[in-house]
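Visitor: This is the content of protein29.csv (CSV, N, CA and C atoms):
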```csv
chain,number,residue,atom,x,y,z
A,1,MET,N,-57.7,23.2,-8.9
A,1,MET,CA,-58.1,22.1,-9.7
A,1,MET,C,-59.6,22.3,-10.1
A,2,ASP,N,-59.8,21.9,-11.3
A,2,ASP,CA,-61.2,22.0,-11.8
A,2,ASP,C,-61.9,20.7,-12.0
A,3,TYR,N,-61.4,19.7,-11.2
A,3,TYR,CA,-62.1,18.4,-11.3
A,3,TYR,C,-62.2,17.8,-9.9
A,4,GLU,N,-63.1,16.9,-9.7
A,4,GLU,CA,-63.3,16.3,-8.4
A,4,GLU,C,-62.1,15.4,-8.1
A,5,ARG,N,-61.7,15.4,-6.8
A,5,ARG,CA,-60.6,14.6,-6.3
A,5,ARG,C,-61.0,14.1,-4.9
A,6,GLN,N,-60.7,12.8,-4.7
A,6,GLN,CA,-60.9,12.2,-3.4
A,6,GLN,C,-60.1,12.9,-2.3
A,7,ALA,N,-60.7,13.2,-1.2
A,7,ALA,CA,-60.0,13.7,-0.1
A,7,ALA,C,-59.8,12.7,1.0
A,8,TYR,N,-58.7,12.7,1.6
A,8,TYR,CA,-58.3,11.7,2.7
A,8,TYR,C,-57.9,12.4,3.9
A,9,GLN,N,-58.0,11.8,5.1
A,9,GLN,CA,-57.4,12.3,6.3
A,9,GLN,C,-56.0,11.8,6.4
A,10,CYS,N,-55.1,12.6,7.0
A,10,CYS,CA,-53.7,12.1,7.1
A,10,CYS,C,-53.6,11.2,8.2
A,11,GLY,N,-52.6,10.3,8.0
A,11,GLY,CA,-52.3,9.3,9.1
A,11,GLY,C,-50.9,9.7,9.6
A,12,SER,N,-50.1,10.1,8.8
A,12,SER,CA,-48.7,10.5,9.1
A,12,SER,C,-48.5,11.9,8.4
A,13,CYS,N,-48.5,12.9,9.2
A,13,CYS,CA,-48.7,14.3,8.7
A,13,CYS,C,-47.4,15.1,8.6
A,14,SER,N,-46.2,14.6,8.6
A,14,SER,CA,-45.0,15.4,8.7
A,14,SER,C,-44.9,16.3,7.5
A,15,GLU,N,-45.2,15.8,6.3
A,15,GLU,CA,-45.1,16.6,5.1
A,15,GLU,C,-46.1,17.7,5.1
A,16,MET,N,-47.3,17.5,5.6
A,16,MET,CA,-48.3,18.5,5.7
A,16,MET,C,-47.9,19.6,6.7
A,17,ALA,N,-47.3,19.1,7.8
A,17,ALA,CA,-46.8,20.1,8.8
A,17,ALA,C,-45.7,21.0,8.2
A,18,ALA,N,-44.9,20.4,7.3
A,18,ALA,CA,-43.8,21.2,6.7
A,18,ALA,C,-44.5,22.3,5.8
A,19,ALA,N,-45.5,21.9,5.0
A,19,ALA,CA,-46.2,22.8,4.1
A,19,ALA,C,-46.8,24.0,4.9
A,20,LEU,N,-47.4,23.7,6.0
A,20,LEU,CA,-48.0,24.7,6.8
A,20,LEU,C,-47.0,25.6,7.4
A,21,ALA,N,-45.9,25.1,7.9
A,21,ALA,CA,-44.8,25.9,8.5
A,21,ALA,C,-44.2,26.8,7.4
A,22,ALA,N,-44.0,26.2,6.3
A,22,ALA,CA,-43.4,27.1,5.2
A,22,ALA,C,-44.4,28.2,4.8
A,23,ALA,N,-45.7,27.8,4.7
A,23,ALA,CA,-46.7,28.8,4.4
A,23,ALA,C,-46.7,29.9,5.4
A,24,SER,N,-46.5,29.6,6.7
A,24,SER,CA,-46.5,30.6,7.7
A,24,SER,C,-45.4,31.7,7.5
A,25,ILE,N,-44.3,31.2,6.9
A,25,ILE,CA,-43.2,32.2,6.6
A,25,ILE,C,-43.7,33.1,5.4
A,26,VAL,N,-44.3,32.5,4.4
A,26,VAL,CA,-44.8,33.2,3.3
A,26,VAL,C,-45.7,34.3,3.7
A,27,PHE,N,-46.6,34.0,4.7
A,27,PHE,CA,-47.7,34.9,5.1
A,27,PHE,C,-47.3,35.6,6.4
A,28,LYS,N,-46.0,35.8,6.7
A,28,LYS,CA,-45.6,36.4,7.9
A,28,LYS,C,-46.1,37.8,8.1
A,29,ASP,N,-46.4,38.5,7.0
A,29,ASP,CA,-47.0,39.9,7.1
A,29,ASP,C,-48.4,39.9,7.6
A,30,SER,N,-49.0,38.8,7.6
A,30,SER,CA,-50.4,38.6,8.2
A,30,SER,C,-50.2,37.8,9.4
A,31,ARG,N,-49.9,38.5,10.5
A,31,ARG,CA,-49.5,37.8,11.7
A,31,ARG,C,-50.5,36.8,12.2
A,32,ALA,N,-51.7,37.1,12.3
A,32,ALA,CA,-52.8,36.2,12.8
A,32,ALA,C,-52.8,34.9,11.9
A,33,TYR,N,-52.8,35.1,10.6
A,33,TYR,CA,-52.9,34.0,9.7
A,33,TYR,C,-51.6,33.1,9.8
A,34,SER,N,-50.4,33.8,9.9
A,34,SER,CA,-49.2,33.1,10.0
A,34,SER,C,-49.1,32.2,11.3
A,35,LEU,N,-49.6,32.8,12.4
A,35,LEU,CA,-49.6,32.1,13.7
A,35,LEU,C,-50.6,30.9,13.6
A,36,LYS,N,-51.7,31.1,12.9
A,36,LYS,CA,-52.7,30.0,12.7
A,36,LYS,C,-52.0,28.8,11.9
A,37,LEU,N,-51.2,29.2,10.9
A,37,LEU,CA,-50.6,28.1,10.1
A,37,LEU,C,-49.5,27.4,11.0
A,38,VAL,N,-48.7,28.2,11.8
A,38,VAL,CA,-47.7,27.6,12.6
A,38,VAL,C,-48.4,26.6,13.7
A,39,GLN,N,-49.5,27.1,14.2
A,39,GLN,CA,-50.2,26.3,15.2
A,39,GLN,C,-50.7,24.9,14.6
A,40,GLY,N,-51.2,25.0,13.4
A,40,GLY,CA,-51.6,23.8,12.7
A,40,GLY,C,-50.5,22.9,12.4
A,41,ALA,N,-49.3,23.5,12.0
A,41,ALA,CA,-48.1,22.7,11.7
A,41,ALA,C,-47.7,22.0,13.0
A,42,LYS,N,-47.7,22.7,14.1
A,42,LYS,CA,-47.3,22.0,15.3
A,42,LYS,C,-48.2,20.9,15.7
A,43,VAL,N,-49.5,21.1,15.6
A,43,VAL,CA,-50.5,20.0,15.9
A,43,VAL,C,-50.2,18.8,15.0
A,44,LEU,N,-50.1,19.0,13.7
A,44,LEU,CA,-49.9,17.9,12.7
A,44,LEU,C,-48.5,17.2,13.0
A,45,TYR,N,-47.5,18.0,13.3
A,45,TYR,CA,-46.2,17.4,13.6
A,45,TYR,C,-46.2,16.5,14.8
A,46,ASP,N,-46.9,17.0,15.8
A,46,ASP,CA,-47.0,16.3,17.1
A,46,ASP,C,-47.8,15.0,16.8
A,47,PHE,N,-48.8,15.1,16.0
A,47,PHE,CA,-49.6,13.9,15.6
A,47,PHE,C,-48.7,12.9,14.9
A,48,ALA,N,-47.9,13.4,14.0
A,48,ALA,CA,-47.0,12.6,13.2
A,48,ALA,C,-46.0,11.9,14.1
A,49,ARG,N,-45.5,12.6,15.1
A,49,ARG,CA,-44.6,12.0,16.0
A,49,ARG,C,-45.2,10.8,16.8
A,50,ARG,N,-46.5,10.9,17.0
A,50,ARG,CA,-47.1,9.8,17.7
A,50,ARG,C,-47.6,8.7,16.8
A,51,ASN,N,-47.7,9.0,15.5
A,51,ASN,CA,-48.2,8.0,14.5
A,51,ASN,C,-47.2,7.8,13.4
A,52,ARG,N,-46.0,7.4,13.7
A,52,ARG,CA,-45.0,7.3,12.7
A,52,ARG,C,-45.3,6.2,11.7
A,53,GLY,N,-45.0,6.5,10.4
A,53,GLY,CA,-45.2,5.4,9.4
A,53,GLY,C,-45.5,6.1,8.1
A,54,ARG,N,-45.3,5.2,7.1
A,54,ARG,CA,-45.6,5.7,5.7
A,54,ARG,C,-47.0,6.1,5.5
A,55,TYR,N,-47.2,7.1,4.7
A,55,TYR,CA,-48.6,7.7,4.4
A,55,TYR,C,-49.5,6.6,3.9
A,56,VAL,N,-49.1,5.7,3.1
A,56,VAL,CA,-50.0,4.7,2.5
A,56,VAL,C,-50.4,3.7,3.5
A,57,LYS,N,-49.8,3.6,4.7
A,57,LYS,CA,-50.2,2.7,5.7
A,57,LYS,C,-51.6,3.2,6.3
A,58,SER,N,-51.8,4.5,6.3
A,58,SER,CA,-53.1,5.0,6.8
A,58,SER,C,-54.1,5.3,5.7
A,59,VAL,N,-53.6,5.5,4.5
A,59,VAL,CA,-54.5,5.7,3.3
A,59,VAL,C,-54.1,4.8,2.2
A,60,PRO,N,-54.5,3.5,2.3
A,60,PRO,CA,-54.1,2.5,1.3
A,60,PRO,C,-54.4,2.9,-0.1
A,61,ASP,N,-55.5,3.6,-0.4
A,61,ASP,CA,-55.9,4.0,-1.7
A,61,ASP,C,-54.9,4.9,-2.4
A,62,ALA,N,-54.1,5.6,-1.6
A,62,ALA,CA,-53.0,6.5,-2.1
A,62,ALA,C,-51.9,5.7,-2.7
A,63,GLU,N,-51.8,4.4,-2.5
A,63,GLU,CA,-50.6,3.7,-3.0
A,63,GLU,C,-50.6,3.7,-4.5
A,64,ASN,N,-51.7,3.8,-5.2
A,64,ASN,CA,-51.7,3.9,-6.6
A,64,ASN,C,-51.0,5.1,-7.2
A,65,PHE,N,-51.0,6.2,-6.4
A,65,PHE,CA,-50.5,7.5,-7.0
A,65,PHE,C,-49.5,8.2,-6.1
A,66,TYR,N,-49.3,7.7,-4.8
A,66,TYR,CA,-48.4,8.3,-3.9
A,66,TYR,C,-47.8,7.2,-3.0
A,67,ASN,N,-47.0,6.3,-3.6
A,67,ASN,CA,-46.5,5.2,-2.9
A,67,ASN,C,-45.1,5.5,-2.3
A,68,SER,N,-45.1,6.4,-1.3
A,68,SER,CA,-43.9,6.8,-0.7
A,68,SER,C,-43.1,5.6,-0.2
A,69,THR,N,-41.8,5.7,-0.4
A,69,THR,CA,-40.9,4.6,0.1
A,69,THR,C,-40.5,4.7,1.5
A,70,GLY,N,-40.6,5.9,2.1
A,70,GLY,CA,-40.1,6.0,3.5
A,70,GLY,C,-40.9,7.1,4.3
A,71,TYR,N,-40.5,7.3,5.5
A,71,TYR,CA,-41.2,8.2,6.4
A,71,TYR,C,-40.2,9.2,7.0
A,72,TRP,N,-39.1,8.7,7.3
A,72,TRP,CA,-38.1,9.5,8.1
A,72,TRP,C,-37.7,10.8,7.4
A,73,ASP,N,-37.5,10.8,6.1
A,73,ASP,CA,-37.1,12.0,5.4
A,73,ASP,C,-38.2,13.0,5.6
A,74,GLU,N,-39.5,12.6,5.5
A,74,GLU,CA,-40.6,13.6,5.7
A,74,GLU,C,-40.7,14.1,7.1
A,75,PHE,N,-40.3,13.2,8.1
A,75,PHE,CA,-40.3,13.6,9.5
A,75,PHE,C,-39.2,14.7,9.7
A,76,ILE,N,-38.1,14.5,9.1
A,76,ILE,CA,-37.0,15.5,9.2
A,76,ILE,C,-37.4,16.8,8.5
A,77,TRP,N,-38.0,16.7,7.3
A,77,TRP,CA,-38.4,17.8,6.5
A,77,TRP,C,-39.4,18.7,7.3
A,78,GLY,N,-40.4,18.0,8.0
A,78,GLY,CA,-41.4,18.7,8.8
A,78,GLY,C,-40.8,19.5,9.9
A,79,GLY,N,-39.9,18.8,10.7
A,79,GLY,CA,-39.2,19.4,11.8
A,79,GLY,C,-38.3,20.5,11.4
A,80,ALA,N,-37.6,20.4,10.3
A,80,ALA,CA,-36.7,21.5,9.8
A,80,ALA,C,-37.5,22.7,9.5
A,81,TRP,N,-38.7,22.5,8.8
A,81,TRP,CA,-39.5,23.7,8.5
A,81,TRP,C,-40.1,24.3,9.8
A,82,LEU,N,-40.5,23.5,10.7
A,82,LEU,CA,-41.0,24.0,12.0
A,82,LEU,C,-39.9,24.8,12.7
A,83,TYR,N,-38.7,24.3,12.7
A,83,TYR,CA,-37.6,25.1,13.3
A,83,TYR,C,-37.4,26.4,12.6
A,84,TYR,N,-37.4,26.4,11.2
A,84,TYR,CA,-37.2,27.6,10.5
A,84,TYR,C,-38.4,28.6,10.7
A,85,ALA,N,-39.6,28.1,10.9
A,85,ALA,CA,-40.8,29.0,11.1
A,85,ALA,C,-40.8,29.5,12.5
A,86,THR,N,-40.3,28.7,13.5
A,86,THR,CA,-40.5,29.1,14.9
A,86,THR,C,-39.2,29.6,15.6
A,87,GLY,N,-38.1,29.1,15.1
A,87,GLY,CA,-36.9,29.3,15.8
A,87,GLY,C,-36.7,28.5,17.0
A,88,ASN,N,-37.6,27.5,17.3
A,88,ASN,CA,-37.6,26.7,18.4
A,88,ASN,C,-36.6,25.6,18.2
A,89,LEU,N,-35.5,25.6,19.0
A,89,LEU,CA,-34.4,24.6,18.9
A,89,LEU,C,-34.8,23.2,19.1
A,90,THR,N,-35.9,23.0,19.8
A,90,THR,CA,-36.4,21.6,20.1
A,90,THR,C,-36.6,20.9,18.7
A,91,TYR,N,-37.1,21.6,17.7
A,91,TYR,CA,-37.3,20.9,16.4
A,91,TYR,C,-36.0,20.5,15.8
A,92,LEU,N,-35.1,21.5,15.8
A,92,LEU,CA,-33.7,21.2,15.3
A,92,LEU,C,-33.0,20.1,16.0
A,93,GLU,N,-33.1,20.1,17.3
A,93,GLU,CA,-32.5,19.0,18.1
A,93,GLU,C,-33.1,17.7,17.8
A,94,LEU,N,-34.4,17.6,17.6
A,94,LEU,CA,-35.1,16.4,17.3
A,94,LEU,C,-34.6,15.8,15.9
A,95,VAL,N,-34.7,16.7,14.9
A,95,VAL,CA,-34.4,16.2,13.5
A,95,VAL,C,-32.9,16.0,13.3
A,96,THR,N,-32.0,16.4,14.1
A,96,THR,CA,-30.6,16.2,14.0
A,96,THR,C,-30.1,15.1,14.9
A,97,GLU,N,-31.1,14.4,15.6
A,97,GLU,CA,-30.8,13.3,16.4
A,97,GLU,C,-30.2,12.2,15.5
A,98,PRO,N,-29.0,11.7,15.9
A,98,PRO,CA,-28.3,10.7,15.0
A,98,PRO,C,-29.2,9.5,14.6
A,99,SER,N,-30.0,9.0,15.5
A,99,SER,CA,-30.8,7.8,15.2
A,99,SER,C,-31.8,8.1,14.2
A,100,ILE,N,-32.4,9.3,14.2
A,100,ILE,CA,-33.4,9.7,13.2
A,100,ILE,C,-32.7,9.9,11.9
A,101,ALA,N,-31.6,10.5,11.9
A,101,ALA,CA,-30.9,10.7,10.6
A,101,ALA,C,-30.5,9.4,10.0
A,102,GLU,N,-30.1,8.4,10.9
A,102,GLU,CA,-29.7,7.1,10.4
A,102,GLU,C,-31.0,6.4,9.7
A,103,HIS,N,-32.1,6.5,10.4
A,103,HIS,CA,-33.3,5.9,9.8
A,103,HIS,C,-33.7,6.5,8.4
A,104,ALA,N,-33.4,7.8,8.3
A,104,ALA,CA,-33.7,8.5,7.0
A,104,ALA,C,-32.7,8.3,5.9
A,105,GLY,N,-31.6,7.6,6.3
A,105,GLY,CA,-30.5,7.4,5.3
A,105,GLY,C,-29.6,8.6,5.1
A,106,ALA,N,-29.4,9.4,6.1
A,106,ALA,CA,-28.7,10.6,5.9
A,106,ALA,C,-27.2,10.4,5.6
A,107,SER,N,-26.7,9.2,5.8
A,107,SER,CA,-25.3,9.0,5.6
A,107,SER,C,-25.1,8.4,4.2
A,108,GLY,N,-26.1,8.4,3.4
A,108,GLY,CA,-26.0,7.9,2.0
A,108,GLY,C,-26.1,6.5,1.9
A,109,GLY,N,-25.6,5.9,0.8
A,109,GLY,CA,-25.7,4.5,0.6
A,109,GLY,C,-26.9,3.9,-0.1
A,110,TRP,N,-27.8,4.8,-0.5
A,110,TRP,CA,-28.9,4.3,-1.4
A,110,TRP,C,-28.9,5.1,-2.7
A,111,LYS,N,-29.5,4.5,-3.7
A,111,LYS,CA,-29.4,5.1,-5.0
A,111,LYS,C,-29.9,6.5,-5.2
A,112,TYR,N,-30.9,6.9,-4.4
A,112,TYR,CA,-31.5,8.2,-4.6
A,112,TYR,C,-30.9,9.2,-3.5
A,113,TYR,N,-29.8,8.9,-2.9
A,113,TYR,CA,-29.3,9.8,-1.9
A,113,TYR,C,-28.8,11.1,-2.6
A,114,GLY,N,-29.2,12.2,-2.1
A,114,GLY,CA,-28.9,13.5,-2.7
A,114,GLY,C,-29.9,14.0,-3.7
A,115,VAL,N,-30.9,13.3,-4.0
A,115,VAL,CA,-31.9,13.7,-5.0
A,115,VAL,C,-33.2,14.2,-4.2
A,116,PHE,N,-33.6,15.4,-4.5
A,116,PHE,CA,-34.8,15.9,-3.9
A,116,PHE,C,-36.0,15.7,-4.9
A,117,ASP,N,-37.0,15.1,-4.4
A,117,ASP,CA,-38.2,14.9,-5.2
A,117,ASP,C,-39.4,14.6,-4.3
A,118,TRP,N,-40.5,14.2,-4.9
A,118,TRP,CA,-41.7,13.9,-4.1
A,118,TRP,C,-41.5,12.8,-3.1
A,119,ASP,N,-40.6,11.9,-3.3
A,119,ASP,CA,-40.4,10.8,-2.5
A,119,ASP,C,-39.2,10.9,-1.6
A,120,ASN,N,-38.4,12.0,-1.7
A,120,ASN,CA,-37.2,12.1,-0.9
A,120,ASN,C,-37.0,13.6,-0.5
A,121,LYS,N,-37.4,13.9,0.7
A,121,LYS,CA,-37.3,15.3,1.2
A,121,LYS,C,-36.0,15.5,2.0
A,122,LEU,N,-35.2,14.4,2.2
A,122,LEU,CA,-34.0,14.5,3.0
A,122,LEU,C,-33.0,15.6,2.5
A,123,THR,N,-32.7,15.6,1.3
A,123,THR,CA,-31.8,16.6,0.7
A,123,THR,C,-32.2,18.0,1.0
A,124,GLY,N,-33.5,18.3,0.9
A,124,GLY,CA,-34.0,19.6,1.2
A,124,GLY,C,-33.9,19.9,2.7
A,125,ALA,N,-34.1,19.0,3.5
A,125,ALA,CA,-34.0,19.2,5.0
A,125,ALA,C,-32.6,19.4,5.4
A,126,GLN,N,-31.7,18.7,4.7
A,126,GLN,CA,-30.3,18.8,5.0
A,126,GLN,C,-29.7,20.2,4.7
A,127,VAL,N,-30.3,20.8,3.6
A,127,VAL,CA,-29.9,22.2,3.2
A,127,VAL,C,-30.3,23.1,4.3
```
Can you dump the structure from the file as structure tokens?
Guide:
Amino acid sequence: MDYERQAYQCGSCSEMAAALAAASIVFKDSRAYSLKLVQGAKVLYDFARRNRGRYVKSVPDAENFYNSTGYWDEFIWGGAWLYYATGNLTYLELVTEPSIAEHAGASGGWKYYGVFDWDNKLTGAQV
């Protein structure tokens, strides 16, 4: 970006954990960097587990441009990428827990079920 942009700290970091975990796979040929990315993803995901909630609850200014409607889809998304990056079954077991899937709307019933976009990561996590 070639313009100034406000920076915020994360309050619920599941989506950021997913990005770092995915990046660790992209950079797997650079073992030290990949491990650093995975470690960061684990820390953020653990933080997100303790601080569940929509991103805008912790960063109200973001509501004007990132008014996410949910949290659980991002929580599953982060855990799925961590499983893929680490092979640790704990992440897979967590994100396939029926109560978490229910919170995320994994059984359908809402108008955007099956649509993958900035506000719905559930479909990608299910794949």
Visitor: Nearest to Asp73 (chain A) among A:Ala125, A:Gln6, A:Asp29, A:Tyr91, with distances taken over all atoms listed in the file: which residue is it?
Guide: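 That would be A:Ala125, the residue with the smallest distance to Asp73 (chain A).
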Visitor: What does the structure give for the distance between CA of Gly108 (chain A) and atom C of Thr96 (chain A), in Å to one decimal?
Guide: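 Distance between the two atoms: 15.3 Å.
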Visitor: Nearest residue to Gly105 (chain A) out of A:Val127, A:Glu63, A:Ala18, A:Leu122, using only N, CA and C atoms?
Guide: A:Leu122
Visitor: Please compute the CA of Asp61 (chain A)-CA of Val95 (chain A) distance, one decimal, in Å.
Guide: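 These two atoms are separated by 29.0 Å.
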Visitor: I'd like the contact shell of Ser34 (chain A) - 6.5 Å cut-off, all atoms listed in the file, skipping same-chain residues fewer than 5 positions apart - returned as a list of chain:residue names.
Guide: A:Ala23, A:Ser24, A:Ile25, A:Phe27, A:Lys28, A:Gln39
Visitor: When distances are computed from all atoms listed in the file, which of A:Ala104, A:Leu44, A:Gly79, A:Phe116 shows the smallest separation from Leu92 (chain A)?
Guide: A:Gly79
Visitor: Measuring between only N, CA and C atoms, which one of A:Tyr45, A:Trp118, A:Arg5, A:Ser14 shows the shortest distance to Thr69 (chain A)?
Guide: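 When distances to Thr69 (chain A) are compared using only N, CA and C atoms, the smallest one comes from A:Trp118.
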Visitor: Can you tell me how far CA of Leu20 (chain A) sits from CA of Pro98 (chain A), in Å to one decimal?
Guide: 25.5 Å
Visitor: My list of candidates is A:Cys13, A:Asn64, A:Leu35, A:Ala22. Which is closest to Phe47 (chain A) when distances are computed with only C-alpha atoms?
Guide: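 Checking each of A:Cys13, A:Asn64, A:Leu35, A:Ala22 against Phe47 (chain A), counting only C-alpha atoms, the winner is A:Cys13.
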Visitor: Quick one: DSSP alpha helix (DSSP H) residues in region 18-123 of chain A, as a PyMOL selection string?
Guide: chain A and resi 18-26+31-50+55-58+72-86+89-95+98-104+122-123
Visitor: List the spatial neighbours of Ile100 (chain A) as a PyMOL selection string - criterion: any atom at most 9 Å away, only C-alpha atoms, same-chain residues fewer than 6 positions off excluded.
Guide: chain A and resi 72-73+75-76+94+106
